[in-house]
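Engineer: Here it is, the structure in full.
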There are 2 protein chains.
Amino acid sequence: MQENLNFFFEPQSVAVIGASSNPNKLSFGILKNLSQYGYKGNIYPINPKSDSILDHPCYANVEDVPGPVDLAVIILPAEAIPEVLVKCGQKGIKACIIISGGFKELGEIGKQRELELQEIVQRFGIRIIGPNCVGNINVYSGLNTTFIKGMPAKGGIGFVSQSGAVCGGVVDHIVNEGIGFSHLLSLGNEMDVTETDMIAYLAGDPYTNVIAAYVESIRDGARFLEVAGSVTKEKPIVLLKAGKSESGARAVSSHTGSLAGSQTAYSTAFKQAGVIEVSSLRSLLQTAMAFDFQPLPQNNQAVIFTNAGGPAALLSDSLDTHGLRLELINESVQQELKQNLNPAAQTMNPIDMLGGATEEEYGYAMKVVHEACDASSLLPVLVPQALVNPTAVAESIIQATSERKRTTLVCLVGKQSIGEAKKILHQSHIPVYDYPEDVGEVLGAMQQYRQYREEKNEIVTVERKERSSEAVTFFQQFHGKKQFGETELRPFLEMYGILNAAGKTANSKDEALEAAKRLGYPVVLKIISNEILHKSDAGGIRLNIRDDETLNIAYSELISTVQKNAPQATIQGVIVERMIEKGEEIIVGMKRDVNFGPLLMIGMGGIYVEAFKDVSFRIAPIEENEIRRMITETVAGKILAGLRGIQYDIEAVIEIVKAISQISIDFPEIKEIEINPLKVLPLGQGTIALDSRMIME
Amino acid sequence: MQENLNFFFEPQSVAVIGASSNPNKLSFGILKNLSQYGYKGNIYPINPKSDSILDHPCYANVEDVPGPVDLAVIILPAEAIPEVLVKCGQKGIKACIIISGGFKELGEIGKQRELELQEIVQRFGIRIIGPNCVGNINVYSGLNTTFIKGMPAKGGIGFVSQSGAVCGGVVDHIVNEGIGFSHLLSLGNEMDVTETDMIAYLAGDPYTNVIAAYVESIRDGARFLEVAGSVTKEKPIVLLKAGKSESGARAVSSHTGSLAGSQTAYSTAFKQAGVIEVSSLRSLLQTAMAFDFQPLPQNNQAVIFTNAGGPAALLSDSLDTHGLRLELINESVQQELKQNLNPAAQTMNPIDMLGGATEEEYGYAMKVVHEACDASSLLPVLVPQALVNPTAVAESIIQATSERKRTTLVCLVGKQSIGEAKKILHQSHIPVYDYPEDVGEVLGAMQQYRQYREEKNEIVTVERKERSSEAVTFFQQFHGKKQFGETELRPFLEMYGILNAAGKTANSKDEALEAAKRLGYPVVLKIISNEILHKSDAGGIRLNIRDDETLNIAYSELISTVQKNAPQATIQGVIVERMIEKGEEIIVGMKRDVNFGPLLMIGMGGIYVEAFKDVSFRIAPIEENEIRRMITETVAGKILAGLRGIQYDIEAVIEIVKAISQISIDFPEIKEIEINPLKVLPLGQGTIALDSRMIME
């Protein structure tokens, strides 16, 4: 998939097809950008009406260019592009960036146009970025195929965006701020090259230290998981996902279906692949800058150096929110600090050197801490004061951290007075933040990434097993059925080792009494009806029936309640089941996501699953450690682990999750399946499925 | 309390006691600031060693000043201040700002110094701001008693801070940004004038449209609630609370005690008083700016105008997160929009006019929407593009919104190219945000405040009732007891109309069997022991015992389990209680907060209260509507209201909350009290307390 991508980033020659001589046209802007930032390759404007533009001789057709062309940037009306693309193919061009819009984003007519292009592209083996994009920038070579105003500084952030405007906005934000990029590229309609291709490319780019991405959708979820999961072993990926507001009404669905929306699938995939998901464009830039400039923190402890209590308090709060803590500085180190600081200074952490703190004091405190403390993050905070020179403090910080063994993030609370200090800190690759809260957020992201790396998550692949003859027979028997209730599902679940509560089907009160006698009291009665997916909602469950007399009454009440609550439902009978009293009720389910495949869910079970949303997700298949982490993330998992004294059989739960995972891989036609409640018994006693449902594609 | 405060803000004359002639001293900086921003009153430097500073004649003592002095700004070593303060008193000065540190913030020695000042202050009736502060600025009169560099523009934000550094940082951030202030003041140690005094003062200040506050602690919680609750009926208060990270380990406590930390009390108080609590300094400024510049939104609908899809998608997400929605634009309005926009423009909301959108297109689209749509918020978004002039677009937005009937917040995604546009928008009181996500957050805060205003919350006062003779006897009987279990509490709760499950105390198995016979099976057994606060944790509860035989076994098991789990506990007997099967279990509790008084809690009950944290808080007393809202905020409340078909007796729950509230007012010596579980029966059937505990001060 990665073939020919180099031509986009390291072309020896670029043709701009449709370059205009009119400075008010975007296509002129592209040629200008391509010419003005030091790009060393050949530049060929293609324009039949001009002789030369910006001192580059023009050619009427791309075929007329004398030498080879590595990359074509096309900015022409949509209708004209197929013909031009054919010419590119004939010329042997292997990479084209189509800036023009007028394709898929317009609806049906545009989709047709894209299909037409697709055919040409395949014929000639051309790779395409776009259409409907703003091109790309290779900051190191000076290649700039965009019409964006301004050029980022050289740095280690590789920026990928599904929105051209976001690229433009980002450049406008960072130009002159000392934040540096390696590559910046917009992907447009992603007719060929996708965000995943670009992530893979940037992973191999030696100038790129961190990949930052703005994403609206990912089409090949499985490939993204694989590629991103492998990239994050080496390089961090920070990602902003737009389009989170899901519009709502959902058809009848399992609990899992209703909680496992597509945004959940995205967030789960990002987490599982070790991608740091941020919630704002600002945070995307701020986090990427820290990953680019600084080493990862080696522990979750930090020391704050400040000349003001208030901002340090805000930073402490922010560290706490993001799972970091302030190192307790021991008495002897505090004594050492006191020797050269203001006698009224606070030498606890935060180290508050008071309003008049000088550059010497910052330098001294940082040196002492560097030598004596464990904290891997050093966080100087400075509020501009009348008698303090922020630039001198910045220099002092640079000197104190020159060995770059710890993660250093600086907060300069202000704007007017801190410009020069910020500039020299950024030049020394020490990131500066304007507000204390930002530092905690960014450091939290770095810490999260470090933890992920240490967990050594493996992307597992599980083969689809050959379907057993039993399973084949099972699905043949129910051919065309869309919704399965527990009565039908029981034998299927049991093929995968999932035990159900001992039970019998009864079609009359006498049969129910007979069944209860065989099973032994107490028992449960549950309605059987194709039309009822959630039995409790329809009043179709009676628990804890302890004798014949109660069963007599309960049976009649059950039937009449269901008839009242769900008059349209055909009652096919009643399940009589042995009542399981001990144990905790959880839910284990799977919903197949269109992008990412089987989304597994586990959490607190029962009838309030959706109310409490105490659930955790993973995309199948996952290894056992990951199932264990998934369980731990929920309150239900904490209860199973013994939160209130009793330990439950977590190992048995893991087996159930594995079974559901295997089912979802073996049967791609299953859309949703869930066991709720799954009764988890005390340690060593296993689990029992009390109810289940399944929905087919 | 508000007497003489005017002297701080509108003095006719100011003495600077300790003004230095050395430009490197902060006290010189104060005199300079006081002189350079147009302040029209008399300025008297007090310095025995100089003749004049900055052309102001010096006086050796404040008593030597020829005319009256309204305000003294004192910047002298802490030891020297008592003597000077006496002189101020003798001179008849009614307001002093003590800039100097060296007081309470230093510990015991400093506290003593403050007490000494306190005595002088009371003798002369002087009001004090500080000590350990950076003074204040009245932007409109040019009075500036700080040494902060820079002067904010004139505007409607009144800024109060318990950190001087935060004031300095804020000024450094907003100078030259076109954000305007009315007053800015730092409070230091708050030896006299507090944040609440200042909020009350600014509420009456005609130049102040919104009060912004940075707060580390509030000492008089009840007064804050009253003052802030009354101010927010007229003017918004936006507040940032620092010091949220509570350090950990907590002594044995009720569930309520463990969840109702002091930060919860703060947040509850802010919410109840209609104060908008923000989570960052950046958000404090951004939100205050919107409240100052724009009218409140009248509904929760918005329309986005954009030249780029990506940033509009991010803004849509952010609106959704903050409870706002995009108006559905009807077909005829869409047709009208299409007439003068790019044919490929999206006329749904967001209205995406594409990359080339001109100022005329922005103006046209906003005019059409203004005339035809209901949305009270108009949100233009602009990404700088090569061929677009942001300043012209800004002018177009200003013109389109000149009637100021809707809330207009602008997002200019960038920095480099948007300076001039931002400036003129701010001059026209249209706030500009650099990132799309900020707009949703700010508009959400405005919307939240509007809702609060519409709910017309009343601060209620409830009188402490005279203690009944029964209650007096009750407490006499348990004189000195710190922890009450349910056995002791039952009669007390019943005095306040709280019913407990029918039950009897038993001291032997035979007594338990006898009790069960009288109550009727099924029954519950519960351990009685002074040392056991949470019975479930100790294995001290057995539910659902249905016959003599089971009771026999359960009784023995109960005793032996408790002896094993809590070997130190003395078992005083067992309660035999009628088992209540139907109903939902909730918790109702109260913890007395040191700042704000009785903090009421309600939520999901049972043994997992702390695991799920499905709880809601209010500070007592509250009116019935507020209790209703409190219940609605929890999942438990939604279940009671009929989430899963059955409606429970919410009216009876309200009575229980009222009773607990009344108890907490009648008995200030109660530190914590809770009923958990409180069984709520179906509609009209009331509630039954199944367990309870109480902790005394």
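If you're wondering about the labels, chains in the structure tokens are A, B, ... by order shown, residues count from 1 in each chain, ligands from 1 in order shown.
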With 8 Å as the limit and counting only C-alpha atoms, what residues in chain B lie close to chain A? Please list them as a ChimeraX atom specification.

Structural biologist: /B:24-26,29,106,147-149,162-166,168-175,242-245,280-282,308-311,313-314,316-317,320-321,344,355,383-387,413-417,435-437,537,607,611-612,635,644-645

Engineer: Where does DSSP see helix (DSSP H, G or I) in region 469-543 of chain B, if you list the residues as a ChimeraX atom specification?

Structural biologist: /B:469-477,486-495,509-519,536-538

Engineer: Can you tell me, as a list of chain:residue names, what residues are no more than 7 Å from region 198-206 of chain A when counting only C-alpha atoms, ignoring any on the same chain fewer than 4 positions away?

Structural biologist: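 Contacts, with the query itself left out: A:Gly158, A:Thr194, A:Val227, A:Val231, A:Lys235.
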
Engineer: Write the residues you've just listed into a file as a compact mmCIF listing (two decimals), in the first residue's frame, and include C-alpha atoms for each of them.

Structural biologist:
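What landed in result-v5.txt:
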# COMPACT_ATOMS: atom_id res chain seq x y z
CA GLY A 158 4.09 15.45 11.33
CA THR A 194 -5.78 7.67 3.53
CA VAL A 227 -0.89 0.26 11.60
CA VAL A 231 3.48 2.85 15.03
CA LYS A 235 6.29 7.12 17.95

Engineer: I need the residue nearest Ile398 (chain B) from this list: B:Asp70, B:Glu371, B:Glu549, B:Glu359. Use only C-alpha atoms for the distance.

Structural biologist: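 Selected residue with least distance to Ile398 (chain B): B:Glu359.
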
Engineer: Excluding Thr570 (chain B) and residues on its chain fewer than 6 positions from it, collect all residues at most 8 Å away from it, counting only C-alpha atoms, and give them as a list in words.

Structural biologist: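 The filter keeps Ser529, Asn530 and Glu531 of chain B.
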
Engineer: So how many Å separate CA of Ile126 (chain A) and CA of Lys40 (chain A), to one decimal?

Structural biologist: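 CA of Lys40 (chain A) lies at a distance of 23.5 Å from CA of Ile126 (chain A).
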
Engineer: Give the strand (DSSP E or B) residues of region 252-471 of chain B, as DSSP finds them on the backbone, and put them as a list in words.

Structural biologist: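 Of region 252-471 of chain B, only Ile276, Glu277, Val278, Gln301, Ala302, Val303, Ile304, Phe305, Thr306, Arg325, Leu326, Gln346, Ile351, Asp352, Ser377, Leu378, Leu379, Pro380, Val381, Leu382, Thr407, Thr408, Val410, Cys411, Leu412, Val432 and Tyr433 of chain B fall in strand (DSSP E or B).
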
Engineer: Those residues with N, CA and C atoms, as a compact mmCIF listing (two decimals), in the first residue's frame please?

Structural biologist:
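Output contents, as saved in selection39.txt:
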# COMPACT_ATOMS: atom_id res chain seq x y z
N ILE B 276 -21.31 30.68 38.01
CA ILE B 276 -20.77 29.82 36.96
C ILE B 276 -19.36 29.42 37.37
N GLU B 277 -19.15 28.15 37.67
CA GLU B 277 -17.81 27.70 38.05
C GLU B 277 -17.09 27.19 36.80
N VAL B 278 -15.91 27.74 36.54
CA VAL B 278 -15.12 27.30 35.39
C VAL B 278 -13.91 26.53 35.90
N GLN B 301 -30.63 27.22 20.86
CA GLN B 301 -30.32 26.93 19.45
C GLN B 301 -29.29 27.91 18.90
N ALA B 302 -28.48 27.41 17.97
CA ALA B 302 -27.44 28.23 17.37
C ALA B 302 -27.36 27.97 15.87
N VAL B 303 -26.82 28.94 15.14
CA VAL B 303 -26.51 28.75 13.72
C VAL B 303 -25.03 29.06 13.52
N ILE B 304 -24.33 28.18 12.81
CA ILE B 304 -22.91 28.36 12.51
C ILE B 304 -22.75 28.83 11.06
N PHE B 305 -21.96 29.88 10.85
CA PHE B 305 -21.61 30.36 9.51
C PHE B 305 -20.12 30.12 9.34
N THR B 306 -19.73 29.42 8.29
CA THR B 306 -18.32 29.05 8.22
C THR B 306 -17.79 29.06 6.79
N ARG B 325 -27.91 23.16 20.67
CA ARG B 325 -28.11 22.41 19.44
C ARG B 325 -28.21 23.34 18.23
N LEU B 326 -27.97 22.76 17.07
CA LEU B 326 -28.03 23.53 15.83
C LEU B 326 -29.48 23.57 15.36
N GLN B 346 -23.06 24.54 1.53
CA GLN B 346 -24.01 23.78 2.35
C GLN B 346 -24.94 24.78 3.03
N ILE B 351 -23.89 26.43 8.12
CA ILE B 351 -23.92 26.99 6.78
C ILE B 351 -22.48 27.12 6.33
N ASP B 352 -22.08 26.23 5.41
CA ASP B 352 -20.67 26.20 4.97
C ASP B 352 -20.58 26.87 3.61
N SER B 377 -28.44 32.29 19.02
CA SER B 377 -26.99 32.47 18.96
C SER B 377 -26.48 32.34 17.53
N LEU B 378 -25.70 33.32 17.10
CA LEU B 378 -25.11 33.31 15.76
C LEU B 378 -23.60 33.16 15.91
N LEU B 379 -23.05 32.16 15.25
CA LEU B 379 -21.65 31.80 15.49
C LEU B 379 -20.84 31.77 14.19
N PRO B 380 -20.31 32.91 13.77
CA PRO B 380 -19.46 32.90 12.58
C PRO B 380 -18.09 32.29 12.87
N VAL B 381 -17.63 31.47 11.94
CA VAL B 381 -16.30 30.84 12.04
C VAL B 381 -15.53 31.22 10.79
N LEU B 382 -14.29 31.63 10.95
CA LEU B 382 -13.48 31.96 9.78
C LEU B 382 -12.09 31.37 9.92
N THR B 407 -27.05 36.53 20.52
CA THR B 407 -25.72 36.34 21.09
C THR B 407 -24.77 35.98 19.95
N THR B 408 -23.75 36.79 19.76
CA THR B 408 -22.80 36.53 18.67
C THR B 408 -21.41 36.26 19.23
N VAL B 410 -17.62 34.85 17.89
CA VAL B 410 -16.90 34.60 16.65
C VAL B 410 -15.69 33.72 16.90
N CYS B 411 -15.44 32.80 15.98
CA CYS B 411 -14.22 32.00 16.05
C CYS B 411 -13.35 32.31 14.85
N LEU B 412 -12.18 32.87 15.10
CA LEU B 412 -11.19 33.09 14.04
C LEU B 412 -10.06 32.10 14.28
N VAL B 432 -14.08 37.25 20.37
CA VAL B 432 -13.42 36.38 19.40
C VAL B 432 -12.68 35.27 20.13
N TYR B 433 -12.82 34.05 19.63
CA TYR B 433 -12.12 32.89 20.20
C TYR B 433 -11.22 32.27 19.14

Engineer: Excluding region 542-544 of chain B and any residue of its chain fewer than 5 positions from it, enumerate the residues within 9 Å of it, using only C-alpha atoms, and give them as a PyMOL selection string.

Structural biologist: chain B and resi 521-526+536+554-555+558+579-581

Engineer: Just C-alpha atoms for this one: save the residues we selected as an mmCIF file, in the first residue's frame.

Structural biologist:
data_model
loop_
_atom_site.group_PDB
_atom_site.id
_atom_site.type_symbol
_atom_site.label_atom_id
_atom_site.label_comp_id
_atom_site.auth_asym_id
_atom_site.auth_seq_id
_atom_site.Cartn_x
_atom_site.Cartn_y
_atom_site.Cartn_z
ATOM 1 C CA TYR B 521 -41.676 -14.242 57.421
ATOM 2 C CA PRO B 522 -39.700 -13.319 55.345
ATOM 3 C CA VAL B 523 -37.388 -11.488 57.746
ATOM 4 C CA VAL B 524 -33.951 -9.916 57.794
ATOM 5 C CA LEU B 525 -31.304 -10.307 60.502
ATOM 6 C CA LYS B 526 -28.964 -7.410 61.252
ATOM 7 C CA SER B 536 -22.704 -5.256 55.210
ATOM 8 C CA ALA B 554 -28.631 -17.864 59.546
ATOM 9 C CA TYR B 555 -28.504 -16.651 63.149
ATOM 10 C CA LEU B 558 -24.340 -14.230 61.237
ATOM 11 C CA MET B 579 -38.169 -8.078 54.860
ATOM 12 C CA ILE B 580 -39.369 -5.417 52.437
ATOM 13 C CA GLU B 581 -39.133 -6.910 48.963
#

Engineer: From the set A:Ile665, A:Leu499, A:Ile670, A:Leu296, which residue has the shortest atom-to-atom contact distance to Arg404 (chain A), counting only C-alpha atoms?

Structural biologist: A:Leu296

Engineer: Please determine, counting only C-alpha atoms, which residue among A:Gly18, A:Pro45, A:Gly135, A:Gly92 has the shortest atom-to-atom distance to Leu76 (chain A).

Structural biologist: A:Gly18

Engineer: Give me the residues near Ser100 (chain B) as a list in words, where near means some atom within 7 Å (using only C-alpha atoms) and where sequence neighbours in that chain fewer than 5 positions away do not count.

Structural biologist: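 Returned residues: Ile75, Leu76, Pro77, Ala78, Pro131 and Asn132 of chain B.
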